[in-house]
$ cat data-v2.cif   # mmCIF, N, CA and C atoms and all ligand atoms
data_work
#
loop_
_atom_site.label_atom_id
_atom_site.label_comp_id
_atom_site.auth_asym_id
_atom_site.auth_seq_id
_atom_site.Cartn_x
_atom_site.Cartn_y
_atom_site.Cartn_z
N MET L 100 -13.62 31.17 63.08
CA MET L 100 -13.97 32.53 62.73
C MET L 100 -12.89 33.11 61.80
N SER L 101 -13.33 33.71 60.67
CA SER L 101 -12.35 34.28 59.74
C SER L 101 -11.91 35.67 60.21
N GLU L 102 -10.65 35.94 59.92
CA GLU L 102 -10.12 37.25 60.33
C GLU L 102 -10.65 38.34 59.42
N GLN L 103 -11.09 39.43 60.02
CA GLN L 103 -11.58 40.58 59.25
C GLN L 103 -10.40 41.49 58.89
N ALA L 104 -10.36 41.94 57.61
CA ALA L 104 -9.33 42.90 57.22
C ALA L 104 -9.68 44.26 57.82
N THR L 105 -8.70 44.87 58.40
CA THR L 105 -8.90 46.23 58.95
C THR L 105 -8.04 47.17 58.12
N PRO L 106 -8.27 48.48 58.23
CA PRO L 106 -7.40 49.41 57.48
C PRO L 106 -5.92 49.15 57.74
N ALA L 107 -5.59 48.68 58.92
CA ALA L 107 -4.18 48.43 59.25
C ALA L 107 -3.65 47.18 58.57
N THR L 108 -4.51 46.17 58.38
CA THR L 108 -4.03 44.90 57.81
C THR L 108 -4.31 44.78 56.31
N ARG L 109 -5.14 45.68 55.80
CA ARG L 109 -5.55 45.58 54.39
C ARG L 109 -4.42 45.95 53.44
N GLY L 110 -3.45 46.69 53.90
CA GLY L 110 -2.35 47.09 53.04
C GLY L 110 -2.62 48.43 52.39
N PRO L 111 -1.69 48.87 51.54
CA PRO L 111 -1.85 50.20 50.94
C PRO L 111 -3.06 50.25 50.01
N ILE L 112 -3.64 51.44 49.89
CA ILE L 112 -4.76 51.66 48.98
C ILE L 112 -4.21 52.32 47.72
N TYR L 113 -4.46 51.69 46.58
CA TYR L 113 -3.97 52.21 45.29
C TYR L 113 -4.89 53.32 44.83
N LEU L 114 -4.37 54.54 44.70
CA LEU L 114 -5.20 55.70 44.38
C LEU L 114 -4.97 56.24 42.96
N ASP L 115 -4.28 55.49 42.11
CA ASP L 115 -3.97 56.01 40.78
C ASP L 115 -4.79 55.30 39.70
N TYR L 116 -6.10 55.16 39.96
CA TYR L 116 -6.96 54.49 38.99
C TYR L 116 -7.15 55.32 37.72
N ALA L 117 -6.73 56.59 37.74
CA ALA L 117 -6.78 57.37 36.50
C ALA L 117 -5.72 56.85 35.54
N ALA L 118 -4.68 56.23 36.06
CA ALA L 118 -3.59 55.72 35.22
C ALA L 118 -3.86 54.29 34.77
N THR L 119 -4.25 53.45 35.70
CA THR L 119 -4.53 52.06 35.35
C THR L 119 -5.38 51.42 36.45
N THR L 120 -6.15 50.46 36.06
CA THR L 120 -7.01 49.77 37.02
C THR L 120 -6.91 48.27 36.81
N PRO L 121 -7.19 47.50 37.84
CA PRO L 121 -7.27 46.06 37.62
C PRO L 121 -8.53 45.79 36.79
N VAL L 122 -8.54 44.71 36.04
CA VAL L 122 -9.73 44.39 35.24
C VAL L 122 -10.58 43.37 35.98
N GLY L 123 -11.85 43.34 35.65
CA GLY L 123 -12.77 42.42 36.29
C GLY L 123 -12.57 40.98 35.81
N PRO L 124 -13.07 40.00 36.58
CA PRO L 124 -12.90 38.59 36.22
C PRO L 124 -13.42 38.26 34.82
N ALA L 125 -14.52 38.88 34.39
CA ALA L 125 -15.07 38.59 33.05
C ALA L 125 -14.10 39.04 31.97
N VAL L 126 -13.39 40.15 32.24
CA VAL L 126 -12.41 40.66 31.28
C VAL L 126 -11.21 39.72 31.22
N VAL L 127 -10.78 39.26 32.39
CA VAL L 127 -9.65 38.31 32.43
C VAL L 127 -10.00 37.06 31.62
N THR L 128 -11.20 36.55 31.80
CA THR L 128 -11.63 35.34 31.07
C THR L 128 -11.64 35.61 29.56
N ALA L 129 -12.23 36.74 29.16
CA ALA L 129 -12.30 37.07 27.72
C ALA L 129 -10.90 37.23 27.14
N MET L 130 -10.00 37.86 27.89
CA MET L 130 -8.64 38.06 27.39
C MET L 130 -7.88 36.75 27.31
N MET L 131 -8.11 35.86 28.28
CA MET L 131 -7.42 34.56 28.24
C MET L 131 -7.82 33.77 27.00
N ASP L 132 -9.06 33.97 26.54
CA ASP L 132 -9.51 33.31 25.30
C ASP L 132 -8.71 33.80 24.10
N CYS L 133 -8.14 34.97 24.23
CA CYS L 133 -7.41 35.56 23.10
C CYS L 133 -5.90 35.38 23.22
N LEU L 134 -5.39 35.34 24.43
CA LEU L 134 -3.94 35.42 24.62
C LEU L 134 -3.22 34.08 24.57
N GLY L 135 -3.88 33.02 24.91
CA GLY L 135 -3.22 31.71 24.98
C GLY L 135 -2.96 31.11 23.60
N PRO L 136 -2.16 30.04 23.54
CA PRO L 136 -1.81 29.44 22.24
C PRO L 136 -3.03 28.89 21.50
N ASP L 137 -4.09 28.55 22.21
CA ASP L 137 -5.31 28.06 21.55
C ASP L 137 -6.31 29.19 21.32
N GLY L 138 -5.87 30.40 21.62
CA GLY L 138 -6.79 31.52 21.56
C GLY L 138 -6.81 32.24 20.23
N CYS L 139 -7.53 33.35 20.24
CA CYS L 139 -7.76 34.18 19.06
C CYS L 139 -6.67 35.26 19.00
N PHE L 140 -5.42 34.84 18.98
CA PHE L 140 -4.32 35.79 19.16
C PHE L 140 -3.74 36.34 17.86
N ALA L 141 -4.24 35.86 16.72
CA ALA L 141 -3.60 36.23 15.45
C ALA L 141 -3.77 37.72 15.13
N ASN L 142 -3.01 38.17 14.17
CA ASN L 142 -3.09 39.55 13.70
C ASN L 142 -4.42 39.74 12.98
N PRO L 143 -5.29 40.62 13.51
CA PRO L 143 -6.61 40.76 12.90
C PRO L 143 -6.58 41.40 11.51
N ALA L 144 -5.42 41.91 11.11
CA ALA L 144 -5.31 42.49 9.76
C ALA L 144 -4.90 41.43 8.74
N SER L 145 -4.58 40.23 9.23
CA SER L 145 -4.13 39.17 8.33
C SER L 145 -5.31 38.43 7.72
N ASP L 146 -5.17 38.11 6.43
CA ASP L 146 -6.27 37.45 5.72
C ASP L 146 -6.06 35.94 5.67
N HIS L 147 -5.96 35.33 6.83
CA HIS L 147 -5.96 33.87 6.92
C HIS L 147 -6.97 33.51 8.01
N PRO L 148 -7.35 32.25 8.12
CA PRO L 148 -8.44 31.90 9.05
C PRO L 148 -8.22 32.42 10.47
N ALA L 149 -7.00 32.28 10.98
CA ALA L 149 -6.76 32.75 12.35
C ALA L 149 -6.90 34.27 12.45
N GLY L 150 -6.41 34.96 11.41
CA GLY L 150 -6.52 36.42 11.38
C GLY L 150 -7.98 36.86 11.29
N ARG L 151 -8.74 36.15 10.45
CA ARG L 151 -10.16 36.50 10.30
C ARG L 151 -10.92 36.25 11.60
N ALA L 152 -10.55 35.19 12.32
CA ALA L 152 -11.20 34.91 13.60
C ALA L 152 -10.89 36.03 14.60
N ALA L 153 -9.63 36.48 14.59
CA ALA L 153 -9.24 37.58 15.49
C ALA L 153 -9.99 38.85 15.10
N ARG L 154 -10.11 39.08 13.79
CA ARG L 154 -10.81 40.28 13.30
C ARG L 154 -12.28 40.27 13.75
N ALA L 155 -12.90 39.10 13.67
CA ALA L 155 -14.30 38.99 14.08
C ALA L 155 -14.44 39.33 15.57
N ARG L 156 -13.45 38.89 16.32
CA ARG L 156 -13.46 39.16 17.76
C ARG L 156 -13.31 40.65 18.04
N VAL L 157 -12.41 41.30 17.31
CA VAL L 157 -12.20 42.74 17.48
C VAL L 157 -13.47 43.50 17.09
N GLU L 158 -14.09 43.08 15.99
CA GLU L 158 -15.30 43.78 15.54
C GLU L 158 -16.46 43.59 16.52
N LEU L 159 -16.53 42.41 17.14
CA LEU L 159 -17.55 42.18 18.16
C LEU L 159 -17.30 43.12 19.34
N ALA L 160 -16.04 43.22 19.75
CA ALA L 160 -15.69 44.12 20.86
C ALA L 160 -16.03 45.56 20.51
N ARG L 161 -15.76 45.94 19.25
CA ARG L 161 -16.05 47.31 18.81
C ARG L 161 -17.56 47.60 18.92
N GLU L 162 -18.37 46.63 18.49
CA GLU L 162 -19.82 46.81 18.58
C GLU L 162 -20.28 46.88 20.03
N GLN L 163 -19.67 46.06 20.88
CA GLN L 163 -20.06 46.07 22.30
C GLN L 163 -19.71 47.39 22.95
N VAL L 164 -18.51 47.91 22.67
CA VAL L 164 -18.10 49.20 23.24
C VAL L 164 -19.02 50.30 22.72
N ALA L 165 -19.31 50.28 21.42
CA ALA L 165 -20.19 51.29 20.82
C ALA L 165 -21.56 51.25 21.51
N GLY L 166 -22.07 50.05 21.74
CA GLY L 166 -23.36 49.92 22.40
C GLY L 166 -23.35 50.52 23.80
N LEU L 167 -22.24 50.35 24.49
CA LEU L 167 -22.13 50.86 25.86
C LEU L 167 -22.11 52.38 25.92
N ILE L 168 -21.54 53.02 24.90
CA ILE L 168 -21.40 54.48 24.95
C ILE L 168 -22.35 55.19 23.98
N GLY L 169 -23.23 54.44 23.36
CA GLY L 169 -24.20 55.05 22.46
C GLY L 169 -23.57 55.60 21.19
N ALA L 170 -22.58 54.90 20.68
CA ALA L 170 -21.90 55.34 19.45
C ALA L 170 -22.13 54.31 18.35
N GLU L 171 -21.72 54.68 17.15
CA GLU L 171 -21.71 53.73 16.04
C GLU L 171 -20.41 52.95 16.14
N ALA L 172 -20.44 51.68 15.76
CA ALA L 172 -19.22 50.86 15.82
C ALA L 172 -18.08 51.52 15.03
N ARG L 173 -18.41 52.13 13.88
CA ARG L 173 -17.36 52.75 13.06
C ARG L 173 -16.71 53.95 13.75
N GLU L 174 -17.32 54.44 14.82
CA GLU L 174 -16.76 55.58 15.55
C GLU L 174 -15.79 55.15 16.64
N VAL L 175 -15.72 53.86 16.92
CA VAL L 175 -14.85 53.36 17.99
C VAL L 175 -13.51 52.96 17.39
N ILE L 176 -12.45 53.59 17.88
CA ILE L 176 -11.11 53.30 17.39
C ILE L 176 -10.28 52.77 18.54
N PHE L 177 -9.74 51.60 18.39
CA PHE L 177 -8.88 51.04 19.43
C PHE L 177 -7.45 51.50 19.19
N THR L 178 -6.79 51.91 20.25
CA THR L 178 -5.39 52.33 20.16
C THR L 178 -4.57 51.46 21.11
N SER L 179 -3.26 51.68 21.06
CA SER L 179 -2.38 50.88 21.92
C SER L 179 -2.33 51.42 23.34
N GLY L 180 -2.84 52.63 23.56
CA GLY L 180 -2.78 53.19 24.90
C GLY L 180 -3.12 54.66 24.90
N ALA L 181 -2.93 55.28 26.05
CA ALA L 181 -3.35 56.67 26.22
C ALA L 181 -2.52 57.65 25.40
N THR L 182 -1.21 57.41 25.27
CA THR L 182 -0.37 58.33 24.52
C THR L 182 -0.83 58.41 23.06
N GLU L 183 -1.08 57.26 22.47
CA GLU L 183 -1.55 57.23 21.09
C GLU L 183 -2.94 57.88 20.98
N SER L 184 -3.80 57.62 21.95
CA SER L 184 -5.14 58.22 21.94
C SER L 184 -5.06 59.74 22.03
N ASN L 185 -4.22 60.24 22.93
CA ASN L 185 -4.06 61.69 23.07
C ASN L 185 -3.59 62.30 21.76
N ASN L 186 -2.59 61.68 21.15
CA ASN L 186 -2.05 62.16 19.87
C ASN L 186 -3.13 62.23 18.82
N LEU L 187 -3.87 61.15 18.70
CA LEU L 187 -4.90 61.05 17.67
C LEU L 187 -5.98 62.11 17.88
N ALA L 188 -6.46 62.23 19.10
CA ALA L 188 -7.57 63.15 19.39
C ALA L 188 -7.14 64.61 19.25
N ILE L 189 -6.00 64.97 19.85
CA ILE L 189 -5.60 66.38 19.85
C ILE L 189 -5.15 66.81 18.46
N THR L 190 -4.31 66.01 17.81
CA THR L 190 -3.85 66.36 16.46
C THR L 190 -5.04 66.39 15.50
N GLY L 191 -5.92 65.41 15.62
CA GLY L 191 -7.10 65.36 14.74
C GLY L 191 -8.00 66.55 14.94
N ALA L 192 -8.26 66.92 16.20
CA ALA L 192 -9.14 68.07 16.47
C ALA L 192 -8.50 69.36 15.98
N ALA L 193 -7.19 69.52 16.20
CA ALA L 193 -6.50 70.74 15.75
C ALA L 193 -6.57 70.85 14.23
N ARG L 194 -6.36 69.75 13.55
CA ARG L 194 -6.40 69.76 12.08
C ARG L 194 -7.83 70.01 11.58
N PHE L 195 -8.78 69.34 12.20
CA PHE L 195 -10.18 69.46 11.76
C PHE L 195 -10.69 70.89 11.91
N HIS L 196 -10.24 71.56 12.99
CA HIS L 196 -10.76 72.90 13.28
C HIS L 196 -9.79 74.01 12.87
N GLN L 197 -8.80 73.72 12.05
CA GLN L 197 -7.77 74.72 11.75
C GLN L 197 -8.33 75.99 11.11
N GLN L 198 -9.44 75.89 10.40
CA GLN L 198 -10.03 77.07 9.78
C GLN L 198 -10.69 77.98 10.83
N ARG L 199 -11.00 77.43 11.98
CA ARG L 199 -11.68 78.21 13.03
C ARG L 199 -10.71 78.97 13.92
N GLY L 200 -9.44 78.58 13.91
CA GLY L 200 -8.48 79.26 14.77
C GLY L 200 -7.34 78.33 15.14
N ARG L 201 -6.32 78.94 15.75
CA ARG L 201 -5.13 78.16 16.09
C ARG L 201 -4.85 78.16 17.58
N HIS L 202 -5.88 78.35 18.35
CA HIS L 202 -5.68 78.40 19.80
C HIS L 202 -5.94 77.04 20.42
N LEU L 203 -4.93 76.55 21.07
CA LEU L 203 -5.05 75.27 21.75
C LEU L 203 -4.73 75.54 23.21
N ILE L 204 -5.65 75.26 24.07
CA ILE L 204 -5.46 75.59 25.49
C ILE L 204 -5.38 74.30 26.29
N SER L 205 -4.31 74.19 27.04
CA SER L 205 -4.18 73.05 27.94
C SER L 205 -3.72 73.57 29.29
N SER L 206 -3.44 72.70 30.20
CA SER L 206 -3.05 73.13 31.54
C SER L 206 -1.69 72.54 31.90
N PRO L 207 -0.95 73.23 32.77
CA PRO L 207 0.38 72.72 33.14
C PRO L 207 0.32 71.41 33.91
N THR L 208 -0.85 71.06 34.37
CA THR L 208 -0.96 69.80 35.12
C THR L 208 -1.27 68.63 34.19
N GLU L 209 -1.36 68.90 32.90
CA GLU L 209 -1.63 67.80 31.97
C GLU L 209 -0.51 66.77 31.97
N HIS L 210 -0.84 65.56 31.62
CA HIS L 210 0.16 64.50 31.47
C HIS L 210 1.14 64.88 30.37
N LYS L 211 2.37 64.45 30.50
CA LYS L 211 3.41 64.74 29.51
C LYS L 211 2.95 64.35 28.09
N ALA L 212 2.18 63.28 27.99
CA ALA L 212 1.74 62.81 26.67
C ALA L 212 0.82 63.84 26.01
N VAL L 213 0.11 64.64 26.80
CA VAL L 213 -0.75 65.69 26.26
C VAL L 213 0.09 66.92 25.94
N VAL L 214 0.94 67.31 26.89
CA VAL L 214 1.79 68.50 26.70
C VAL L 214 2.68 68.33 25.47
N ASP L 215 3.24 67.14 25.28
CA ASP L 215 4.13 66.91 24.13
C ASP L 215 3.42 67.12 22.79
N VAL L 216 2.19 66.67 22.69
CA VAL L 216 1.44 66.87 21.43
C VAL L 216 1.19 68.36 21.21
N CYS L 217 0.80 69.06 22.28
CA CYS L 217 0.53 70.51 22.16
C CYS L 217 1.80 71.23 21.72
N ARG L 218 2.93 70.87 22.30
CA ARG L 218 4.20 71.53 21.93
C ARG L 218 4.55 71.22 20.47
N ARG L 219 4.31 69.98 20.05
CA ARG L 219 4.63 69.61 18.67
C ARG L 219 3.76 70.40 17.69
N LEU L 220 2.49 70.56 18.01
CA LEU L 220 1.59 71.32 17.14
C LEU L 220 2.04 72.78 17.08
N GLU L 221 2.47 73.30 18.22
CA GLU L 221 2.93 74.69 18.27
C GLU L 221 4.18 74.86 17.41
N LYS L 222 5.12 73.91 17.52
CA LYS L 222 6.36 73.95 16.75
C LYS L 222 6.09 73.91 15.25
N ARG L 223 5.11 73.11 14.86
CA ARG L 223 4.76 72.98 13.44
C ARG L 223 3.98 74.18 12.92
N GLY L 224 3.60 75.10 13.84
CA GLY L 224 2.82 76.26 13.42
C GLY L 224 1.34 75.97 13.33
N SER L 225 0.92 74.81 13.82
CA SER L 225 -0.49 74.47 13.77
C SER L 225 -1.28 75.20 14.85
N THR L 226 -0.57 75.66 15.88
CA THR L 226 -1.24 76.45 16.93
C THR L 226 -0.40 77.68 17.20
N SER L 227 -1.00 78.69 17.82
CA SER L 227 -0.30 79.93 18.11
C SER L 227 0.75 79.71 19.18
N PRO L 228 1.90 80.40 19.09
CA PRO L 228 2.91 80.26 20.13
C PRO L 228 2.36 80.69 21.48
N GLY L 229 2.74 80.01 22.49
CA GLY L 229 2.36 80.41 23.84
C GLY L 229 0.97 79.95 24.26
N CYS L 230 0.26 79.36 23.36
CA CYS L 230 -1.10 78.92 23.72
C CYS L 230 -1.10 77.60 24.46
N SER L 231 -0.01 76.87 24.36
CA SER L 231 -0.03 75.57 25.00
C SER L 231 1.32 75.30 25.66
N PRO L 232 1.37 74.87 26.86
CA PRO L 232 0.23 74.88 27.77
C PRO L 232 0.12 76.24 28.47
N ILE L 233 -1.00 76.49 29.13
CA ILE L 233 -1.15 77.70 29.92
C ILE L 233 -0.11 77.64 31.04
N GLN L 234 0.55 78.74 31.29
CA GLN L 234 1.55 78.75 32.37
C GLN L 234 0.87 78.94 33.73
N ALA L 235 1.46 78.31 34.73
CA ALA L 235 0.91 78.48 36.08
C ALA L 235 1.11 79.92 36.50
N ALA L 236 0.13 80.50 37.21
CA ALA L 236 0.21 81.91 37.63
C ALA L 236 1.21 82.07 38.76
C1 LIG L 301 -3.55 61.39 30.42
C2 LIG L 301 -2.55 60.29 30.18
N1 LIG L 301 -1.92 60.26 28.99
C3 LIG L 301 -1.01 59.29 28.71
C4 LIG L 301 -0.68 58.32 29.63
C5 LIG L 301 0.33 57.27 29.24
O1 LIG L 301 -0.38 56.10 28.99
P1 LIG L 301 0.17 54.97 27.97
O2 LIG L 301 1.28 54.30 28.67
O3 LIG L 301 -1.03 54.07 27.79
O4 LIG L 301 0.57 55.60 26.67
C6 LIG L 301 -1.32 58.31 30.88
C7 LIG L 301 -0.97 57.30 31.88
O5 LIG L 301 -1.25 57.46 33.05
C8 LIG L 301 -2.28 59.32 31.16
O6 LIG L 301 -2.92 59.36 32.33
#

$ encode --input "data-v2.cif" --output "structure tokens"
Amino acid sequence: MSEQATPATRGPIYLDYAATTPVGPAVVTAMMDCLGPDGCFANPASDHPAGRAARARVELAREQVAGLIGAEAREVIFTSGATESNNLAITGAARFHQQRGRHLISSPTEHKAVVDVCRRLEKRGSTSPGCSPIQAA
């Protein structure tokens, strides 16, 4: 008879999936195809056979992600992580909408990567002073 895991024997429960999550087996397999020495690991911006193979792989992934979220492939931008994504989205939105106003509202509970972008925009005069982040009452 196999032992059943109980809450006491299962170990700690990881509750920070907003920060990072384990990936599924299919993702591990797909990534292993890219990461190993025989894989598609080349720089996708390089114009040599290995680079072009990597580029094709990235473009396939872009189309797959677009299909999952109902977007056009050209609308999917891969970044190195959340900090870069926050920078791109917040700075881009502030710049795109600058004619509509300079109010950027965030919350004090935002991640430092979000607060830092808001502060930088405020310093540059792209947003009104005091608009970011909202102070806790
Ligand atoms: C909202 C938010 N921004 C930025 C980060 C930092 O992520 P990265 O290390 O990918 O830049 C995290 C990580 O938890 C996050 O939750």

$ closest_atom_pairs --input "data-v2.cif" --of "chain L" --to "ligand LIG 301 (chain L)" --cutoff "7 Å" --atoms "all atoms listed in the file" --output "Markdown table"
| residue | atom | partner | partner_atom | distance |
| --- | --- | --- | --- | --- |
| L:Ala117 | C | L:LIG301 | O6 | 4.9 |
| L:Ala118 | CA | L:LIG301 | O5 | 3.6 |
| L:Thr119 | N | L:LIG301 | O5 | 5.7 |
| L:Ser179 | C | L:LIG301 | O3 | 5.3 |
| L:Gly180 | CA | L:LIG301 | O3 | 3.5 |
| L:Ala181 | N | L:LIG301 | O3 | 2.8 |
| L:Thr182 | N | L:LIG301 | O4 | 2.9 |
| L:Glu183 | N | L:LIG301 | O4 | 4.8 |
| L:Ser184 | N | L:LIG301 | O4 | 6.7 |
| L:Asn185 | CA | L:LIG301 | N1 | 6.5 |
| L:Glu209 | C | L:LIG301 | C1 | 6.4 |
| L:His210 | CA | L:LIG301 | C1 | 5.0 |
| L:Lys211 | N | L:LIG301 | N1 | 6.2 |
| L:Ala212 | CA | L:LIG301 | C3 | 4.9 |
| L:Val213 | N | L:LIG301 | N1 | 5.3 |

$ select_by_dssp --input "data-v2.cif" --residues "region 181-219 of chain L" --states "alpha helix (DSSP H)" --output "JSON list (two decimals) with N, CA and C atoms, in the coordinates of the input"
[["chain", "number", "residue", "atom", "x", "y", "z"],
["L", 181, "ALA", "N", -2.93, 55.28, 26.05],
["L", 181, "ALA", "CA", -3.35, 56.67, 26.22],
["L", 181, "ALA", "C", -2.52, 57.65, 25.40],
["L", 182, "THR", "N", -1.21, 57.41, 25.27],
["L", 182, "THR", "CA", -0.37, 58.33, 24.52],
["L", 182, "THR", "C", -0.83, 58.41, 23.06],
["L", 183, "GLU", "N", -1.08, 57.26, 22.47],
["L", 183, "GLU", "CA", -1.55, 57.23, 21.09],
["L", 183, "GLU", "C", -2.94, 57.88, 20.98],
["L", 184, "SER", "N", -3.80, 57.62, 21.95],
["L", 184, "SER", "CA", -5.14, 58.22, 21.94],
["L", 184, "SER", "C", -5.06, 59.74, 22.03],
["L", 185, "ASN", "N", -4.22, 60.24, 22.93],
["L", 185, "ASN", "CA", -4.06, 61.69, 23.07],
["L", 185, "ASN", "C", -3.59, 62.30, 21.76],
["L", 186, "ASN", "N", -2.59, 61.68, 21.15],
["L", 186, "ASN", "CA", -2.05, 62.16, 19.87],
["L", 186, "ASN", "C", -3.13, 62.23, 18.82],
["L", 187, "LEU", "N", -3.87, 61.15, 18.70],
["L", 187, "LEU", "CA", -4.90, 61.05, 17.67],
["L", 187, "LEU", "C", -5.98, 62.11, 17.88],
["L", 188, "ALA", "N", -6.46, 62.23, 19.10],
["L", 188, "ALA", "CA", -7.57, 63.15, 19.39],
["L", 188, "ALA", "C", -7.14, 64.61, 19.25],
["L", 189, "ILE", "N", -6.00, 64.97, 19.85],
["L", 189, "ILE", "CA", -5.60, 66.38, 19.85],
["L", 189, "ILE", "C", -5.15, 66.81, 18.46],
["L", 190, "THR", "N", -4.31, 66.01, 17.81],
["L", 190, "THR", "CA", -3.85, 66.36, 16.46],
["L", 190, "THR", "C", -5.04, 66.39, 15.50],
["L", 191, "GLY", "N", -5.92, 65.41, 15.62],
["L", 191, "GLY", "CA", -7.10, 65.36, 14.74],
["L", 191, "GLY", "C", -8.00, 66.55, 14.94],
["L", 192, "ALA", "N", -8.26, 66.92, 16.20],
["L", 192, "ALA", "CA", -9.14, 68.07, 16.47],
["L", 192, "ALA", "C", -8.50, 69.36, 15.98],
["L", 193, "ALA", "N", -7.19, 69.52, 16.20],
["L", 193, "ALA", "CA", -6.50, 70.74, 15.75],
["L", 193, "ALA", "C", -6.57, 70.85, 14.23],
["L", 194, "ARG", "N", -6.36, 69.75, 13.55],
["L", 194, "ARG", "CA", -6.40, 69.76, 12.08],
["L", 194, "ARG", "C", -7.83, 70.01, 11.58],
["L", 195, "PHE", "N", -8.78, 69.34, 12.20],
["L", 195, "PHE", "CA", -10.18, 69.46, 11.76],
["L", 195, "PHE", "C", -10.69, 70.89, 11.91],
["L", 211, "LYS", "N", 2.37, 64.45, 30.50],
["L", 211, "LYS", "CA", 3.41, 64.74, 29.51],
["L", 211, "LYS", "C", 2.95, 64.35, 28.09],
["L", 212, "ALA", "N", 2.18, 63.28, 27.99],
["L", 212, "ALA", "CA", 1.74, 62.81, 26.67],
["L", 212, "ALA", "C", 0.82, 63.84, 26.01],
["L", 213, "VAL", "N", 0.11, 64.64, 26.80],
["L", 213, "VAL", "CA", -0.75, 65.69, 26.26],
["L", 213, "VAL", "C", 0.09, 66.92, 25.94],
["L", 214, "VAL", "N", 0.94, 67.31, 26.89],
["L", 214, "VAL", "CA", 1.79, 68.50, 26.70],
["L", 214, "VAL", "C", 2.68, 68.33, 25.47],
["L", 215, "ASP", "N", 3.24, 67.14, 25.28],
["L", 215, "ASP", "CA", 4.13, 66.91, 24.13],
["L", 215, "ASP", "C", 3.42, 67.12, 22.79],
["L", 216, "VAL", "N", 2.19, 66.67, 22.69],
["L", 216, "VAL", "CA", 1.44, 66.87, 21.43],
["L", 216, "VAL", "C", 1.19, 68.36, 21.21],
["L", 217, "CYS", "N", 0.80, 69.06, 22.28],
["L", 217, "CYS", "CA", 0.53, 70.51, 22.16],
["L", 217, "CYS", "C", 1.80, 71.23, 21.72],
["L", 218, "ARG", "N", 2.93, 70.87, 22.30],
["L", 218, "ARG", "CA", 4.20, 71.53, 21.93],
["L", 218, "ARG", "C", 4.55, 71.22, 20.47],
["L", 219, "ARG", "N", 4.31, 69.98, 20.05],
["L", 219, "ARG", "CA", 4.63, 69.61, 18.67],
["L", 219, "ARG", "C", 3.76, 70.40, 17.69]]

$ residues_near_point --input "data-v2.cif" --point "(-12.2, 41.4, 15.6)" --cutoff "12 Å" --atoms "only C-alpha atoms" --output "count of residues only"
25

$ atom_distance --input "data-v2.cif" --atom1 "atom N of Pro111 (chain L)" --atom2 "atom N of Thr128 (chain L)"
25.1 Å

$ atom_distance --input "data-v2.cif" --atom1 "atom N of Thr120 (chain L)" --atom2 "atom N of Arg194 (chain L)"
29.6 Å

$ atom_distance --input "data-v2.cif" --atom1 "atom C of Arg218 (chain L)" --atom2 "atom C of Ile189 (chain L)"
10.8 Å

$ closest_residue --input "data-v2.cif" --among "L:Ser225, L:Ala107, L:Asp115, L:Val122" --to "Thr190 (chain L)" --atoms "only C-alpha atoms"
L:Ser225

$ axis_aligned_box --input "data-v2.cif" --around "region 117-131 of chain L" --padding-each-side "8 Å" --output "JSON"
{"center_x": -9.3, "center_y": 45.6, "center_z": 32.4, "size_x": 27.5, "size_y": 39.6, "size_z": 26.8}
